[in-house]
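Enquirer: The structure follows.
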Amino acid sequence: MLAIFNIVFPIFSLIFLGWACRKRNILSAGAASELNRFVIWLALPALLFDSMSRLTAADFANLRFIAVFAIGVAVVFLVTAWLRTRQQAAAPDIIIDSLGSSYANVGFIGIPLCYLAFGHDGLPPSVIAMVMTACLLFAVAIVLLETCLHAQAGLGQTVSKVGRSLLRNPIMIAPVAGIAVALSGVTIPSGVQQLFKILGGAASPCALVSLGLFLAQPVAQRARVSVSLLVAFKLLLQPAITAVLAYWILPLPRVWADSAVLLAAMPIGTGPFMLAELYQREVTVMSRAILISTTLSLPTIALILAWIAHH
């Protein structure tokens with residue numbers, strides 16, 4: 001439990017620093033949006049490009065693990081979308097909420113926890129899960145959001161407008177460029193690599209401080225049901241579905257199965273919050289869902305680790 005807290009502690013600290021800076025007016029209300037835009041347009045693309053450019057074919061050799069993790073994500077995403085549709089939520093909110101309930105904080109918490117639990121054997125599955133979450137799932141959400149924004153036009157115009165928006169979106173371009181570099185075998189100069197590393201390293205801290213700034217704002221009462229749904233689905237439903245898949249339906253080797261369940265149990269990452277702010281949706285809902293899921297993940301992750309140890 002202490003080891004888990006030590007990994008999660010920097011997240012709480014950065015969120016608190018953002019919250020405290022807003023409460024004391026050290027940073028203005030507009031600082032959250034500006035920080036978030038820095039992450040979206042500079043830091044996160046650099047991180048995605050750097051991560052993808054380092055991948056090899058061996059990193060994606062375990063197709064069954066990819067299927068297990070992807071199905072777990074997809075089921076939770078679709079069930080959330082169905083429930084939010086029945087609640088007659090707006091289409092962009094449905095997409096962002098569905099992303100939130102299925103978007104695991106793999107990079108900041110999942111990778112160090114997998115390394116803590118399984119040593120070097122836990123790194124390959126956690127890297128694959130990070131790429132699937134931060135690149136693939138994020139990209140799907142952006143495509144759906146852009147399609148919603150341009151849905152009023154005809155089919156041809158919608159495809160054209162969505163295509164242009166995606167081609168201008170650095171979060172879509174960066175991982176594709178990284179994959180191209182990885183496949184081509186081109187060696188990036190060390191100075192350029194260092195630039196991407198420094199810039200990418202700012203993504204998570206800035207996103208978490210921005211999240212803290214938004215948490216200092218009041219939340220509407222009606223948001224509580226949505227927050228509870230997102231937290232329950234992320235911390236309970238997704239690892240449960242992944243466990244059924246990993247151990248019984250599509251059985252994986254022990255370390256890979258355990259890693260899949262542990263990674264699925266991670267709290268909500270900052271990705272949905274960044275999109276909620278970028279597209280001007282219910283940011284306070286997502287910011288609180290991230291904070292609550294991160295707090296409640298301390299006991300749930302500890303229980304899952306104990307269950308894995310005795311499985």
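Chain labels run A, B, ... following the order of the structure tokens; each chain numbers its residues from 1, and ligands are numbered from 1 in the order shown.
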What lies within 6 Å of range 198-213 of chain A using only C-alpha atoms, ignoring chain neighbours under 2 positions off, as a list in words?
Expert: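 Everything that qualifies: Leu14, Ile15, Phe16, Gly18, Trp19, Arg22, Ala32, Val39, Ala43, Leu44, Ala46, Leu47, Leu195, Phe196, Leu215, Ala216 and Ser287 of chain A.
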Enquirer: Write the residues you've just listed into a file as a PDB file, in the first residue's frame, and include C-alpha atoms for each of them.
Expert:
```pdb
ATOM      1  CA  LEU A  14       0.585  18.301  -8.714  1.00  0.00           C
ATOM      2  CA  ILE A  15      -3.224  18.464  -8.644  1.00  0.00           C
ATOM      3  CA  PHE A  16      -3.076  20.108  -5.198  1.00  0.00           C
ATOM      4  CA  GLY A  18      -2.812  23.659  -9.236  1.00  0.00           C
ATOM      5  CA  TRP A  19      -5.775  23.887  -6.859  1.00  0.00           C
ATOM      6  CA  ARG A  22      -6.004  29.031  -8.233  1.00  0.00           C
ATOM      7  CA  ALA A  32      -5.876  26.243 -16.887  1.00  0.00           C
ATOM      8  CA  VAL A  39      -0.051  20.106 -23.460  1.00  0.00           C
ATOM      9  CA  ALA A  43       4.050  18.526 -24.907  1.00  0.00           C
ATOM     10  CA  LEU A  44       1.728  15.576 -25.635  1.00  0.00           C
ATOM     11  CA  ALA A  46       6.286  15.343 -28.423  1.00  0.00           C
ATOM     12  CA  LEU A  47       5.654  12.542 -25.914  1.00  0.00           C
ATOM     13  CA  LEU A 195      14.180  18.123 -27.278  1.00  0.00           C
ATOM     14  CA  PHE A 196      11.269  15.671 -27.583  1.00  0.00           C
ATOM     15  CA  LEU A 215     -10.964  21.531  -9.412  1.00  0.00           C
ATOM     16  CA  ALA A 216     -10.915  24.885  -7.644  1.00  0.00           C
ATOM     17  CA  SER A 287     -11.663  16.689 -13.336  1.00  0.00           C
TER      18      SER A 287
END
```
Enquirer: Fewer than 2 positions away in the same chain doesn't count, so skip those; otherwise give me all residues within 12 Å of Thr294 in chain A, counting only C-alpha atoms, as a PyMOL selection string.
Expert: chain A and resi 4-5+7-12+15+104-105+108-110+208+230-232+234-235+265-270+287-292+296-301
Enquirer: Hey, which of A:Leu149, A:Cys114, A:Leu278, A:Val131 ends up closest to Ser165 in chain A? Count only C-alpha atoms.
Expert: A:Leu149
Enquirer: Closest to Ile179 in chain A among A:Cys135, A:Leu35, A:Ala67, A:Ile111, using only C-alpha atoms?
Expert: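 Among the listed residues, A:Cys135 lies closest to Ile179 in chain A.
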Enquirer: Just give me the gap between CA of Ala81 in chain A and CA of Ile66 in chain A in Å, one decimal is fine.
Expert: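 If I compute the distance from CA of Ala81 in chain A to CA of Ile66 in chain A, I get 22.1 Å.
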Enquirer: Write out as a ChimeraX atom specification which residues come within 9 Å of range 84-95 of chain A when counting only C-alpha atoms, dropping same-chain ones fewer than 4 positions away.
Expert: /A:77,79-80,99-100,141,144-145,148-149,226,276,279,281-282
Enquirer: How would you write, as a ChimeraX atom specification, the set of residues in range 42-223 of chain A that DSSP gives as helix (DSSP H, G or I)?
Expert: /A:42-53,57-60,63-86,91-102,106-149,155-167,170-184,190-201,203-215,223
Enquirer: Can you tell me which residues surround range 248-251 of chain A at a distance of at most 8 Å, considering only C-alpha atoms, apart from same-chain residues fewer than 3 positions away, and format the answer as a list in words?
Expert: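 Near neighbours after the sequence-gap exclusion: Arg64, Val68, Ala243, Val244, Leu245 and Ala257 of chain A.
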Enquirer: Could you write those residues out with all heavy atoms, as a PDB file, in the first residue's frame?
Expert:
```
ATOM      1  N   ARG A  64      -2.727 -11.539 -28.666  1.00  0.00           N
ATOM      2  CA  ARG A  64      -3.805 -11.927 -27.759  1.00  0.00           C
ATOM      3  C   ARG A  64      -3.937 -10.923 -26.612  1.00  0.00           C
ATOM      4  O   ARG A  64      -5.050 -10.577 -26.204  1.00  0.00           O
ATOM      5  CB  ARG A  64      -3.569 -13.337 -27.215  1.00  0.00           C
ATOM      6  CG  ARG A  64      -4.703 -13.835 -26.343  1.00  0.00           C
ATOM      7  CD  ARG A  64      -4.580 -15.315 -26.037  1.00  0.00           C
ATOM      8  NE  ARG A  64      -4.982 -16.117 -27.192  1.00  0.00           N
ATOM      9  CZ  ARG A  64      -5.273 -17.422 -27.114  1.00  0.00           C
ATOM     10  NH1 ARG A  64      -5.196 -18.039 -25.955  1.00  0.00           N
ATOM     11  NH2 ARG A  64      -5.616 -18.085 -28.183  1.00  0.00           N
ATOM     12  N   VAL A  68      -7.244  -8.728 -25.703  1.00  0.00           N
ATOM     13  CA  VAL A  68      -7.848  -8.728 -24.365  1.00  0.00           C
ATOM     14  C   VAL A  68      -8.003  -7.303 -23.848  1.00  0.00           C
ATOM     15  O   VAL A  68      -9.086  -6.900 -23.390  1.00  0.00           O
ATOM     16  CB  VAL A  68      -7.001  -9.567 -23.382  1.00  0.00           C
ATOM     17  CG1 VAL A  68      -7.398  -9.284 -21.930  1.00  0.00           C
ATOM     18  CG2 VAL A  68      -7.158 -11.050 -23.685  1.00  0.00           C
ATOM     19  N   ALA A 243     -10.295  -9.329 -16.631  1.00  0.00           N
ATOM     20  CA  ALA A 243      -9.926 -10.558 -15.931  1.00  0.00           C
ATOM     21  C   ALA A 243     -10.613 -11.773 -16.547  1.00  0.00           C
ATOM     22  O   ALA A 243      -9.981 -12.828 -16.759  1.00  0.00           O
ATOM     23  CB  ALA A 243     -10.289 -10.445 -14.451  1.00  0.00           C
ATOM     24  N   VAL A 244     -11.894 -11.650 -16.843  1.00  0.00           N
ATOM     25  CA  VAL A 244     -12.633 -12.762 -17.468  1.00  0.00           C
ATOM     26  C   VAL A 244     -11.992 -13.134 -18.810  1.00  0.00           C
ATOM     27  O   VAL A 244     -11.810 -14.310 -19.134  1.00  0.00           O
ATOM     28  CB  VAL A 244     -14.124 -12.381 -17.668  1.00  0.00           C
ATOM     29  CG1 VAL A 244     -14.836 -13.417 -18.519  1.00  0.00           C
ATOM     30  CG2 VAL A 244     -14.810 -12.230 -16.315  1.00  0.00           C
ATOM     31  N   LEU A 245     -11.623 -12.108 -19.571  1.00  0.00           N
ATOM     32  CA  LEU A 245     -10.995 -12.351 -20.875  1.00  0.00           C
ATOM     33  C   LEU A 245      -9.594 -12.956 -20.720  1.00  0.00           C
ATOM     34  O   LEU A 245      -9.251 -13.933 -21.397  1.00  0.00           O
ATOM     35  CB  LEU A 245     -10.899 -11.036 -21.651  1.00  0.00           C
ATOM     36  CG  LEU A 245     -12.214 -10.429 -22.155  1.00  0.00           C
ATOM     37  CD1 LEU A 245     -12.007  -8.980 -22.566  1.00  0.00           C
ATOM     38  CD2 LEU A 245     -12.756 -11.231 -23.331  1.00  0.00           C
ATOM     39  N   ALA A 257      -1.396 -11.893 -18.281  1.00  0.00           N
ATOM     40  CA  ALA A 257      -2.770 -11.822 -17.780  1.00  0.00           C
ATOM     41  C   ALA A 257      -2.848 -10.923 -16.550  1.00  0.00           C
ATOM     42  O   ALA A 257      -3.737 -10.070 -16.440  1.00  0.00           O
ATOM     43  CB  ALA A 257      -3.274 -13.226 -17.440  1.00  0.00           C
TER      44      ALA A 257
END
```
Enquirer: Point out the residue among A:His310, A:Leu83, A:Gln238, A:Leu48 with the least atom-to-atom distance to Ala139 in chain A, counting only C-alpha atoms.
Expert: A:Leu48
Enquirer: Taking 6 positions as the minimum chain separation for residues in the same chain, which residues sit within 9 Å of Asp258 in chain A when counting only C-alpha atoms? Answer as an NGL selection string.
Expert: :A and (118 or 243 or 246-247 or 252 or 305 or 308)
Enquirer: Mind pulling up the distance from CA of Ile304 in chain A to CA of Phe60 in chain A?
Expert: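 Distance between the two atoms: 25.4 Å.
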Enquirer: So which one's closest to Val227 in chain A, A:Asn6, A:Thr284, A:Ser13, A:Ser51? Using only C-alpha atoms, please.
Expert: A:Thr284
Enquirer: Please, what distance in Å, to one decimal, runs between CA of Ala134 in chain A and CA of Gly107 in chain A?
Expert: 8.4 Å
Enquirer: Name the closest residue to Ala20 in chain A among the candidates A:Phe214, A:Trp307, A:Phe233, A:Trp256; distances are taken between atoms, counting only C-alpha atoms.
Expert: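 Selected residue with least distance to Ala20 in chain A: A:Phe214.
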Enquirer: Which of these, A:Ile171, A:Leu27, A:Leu2, A:Ala70, has the shortest distance to Leu113 in chain A once you count only C-alpha atoms?
Expert: A:Leu2
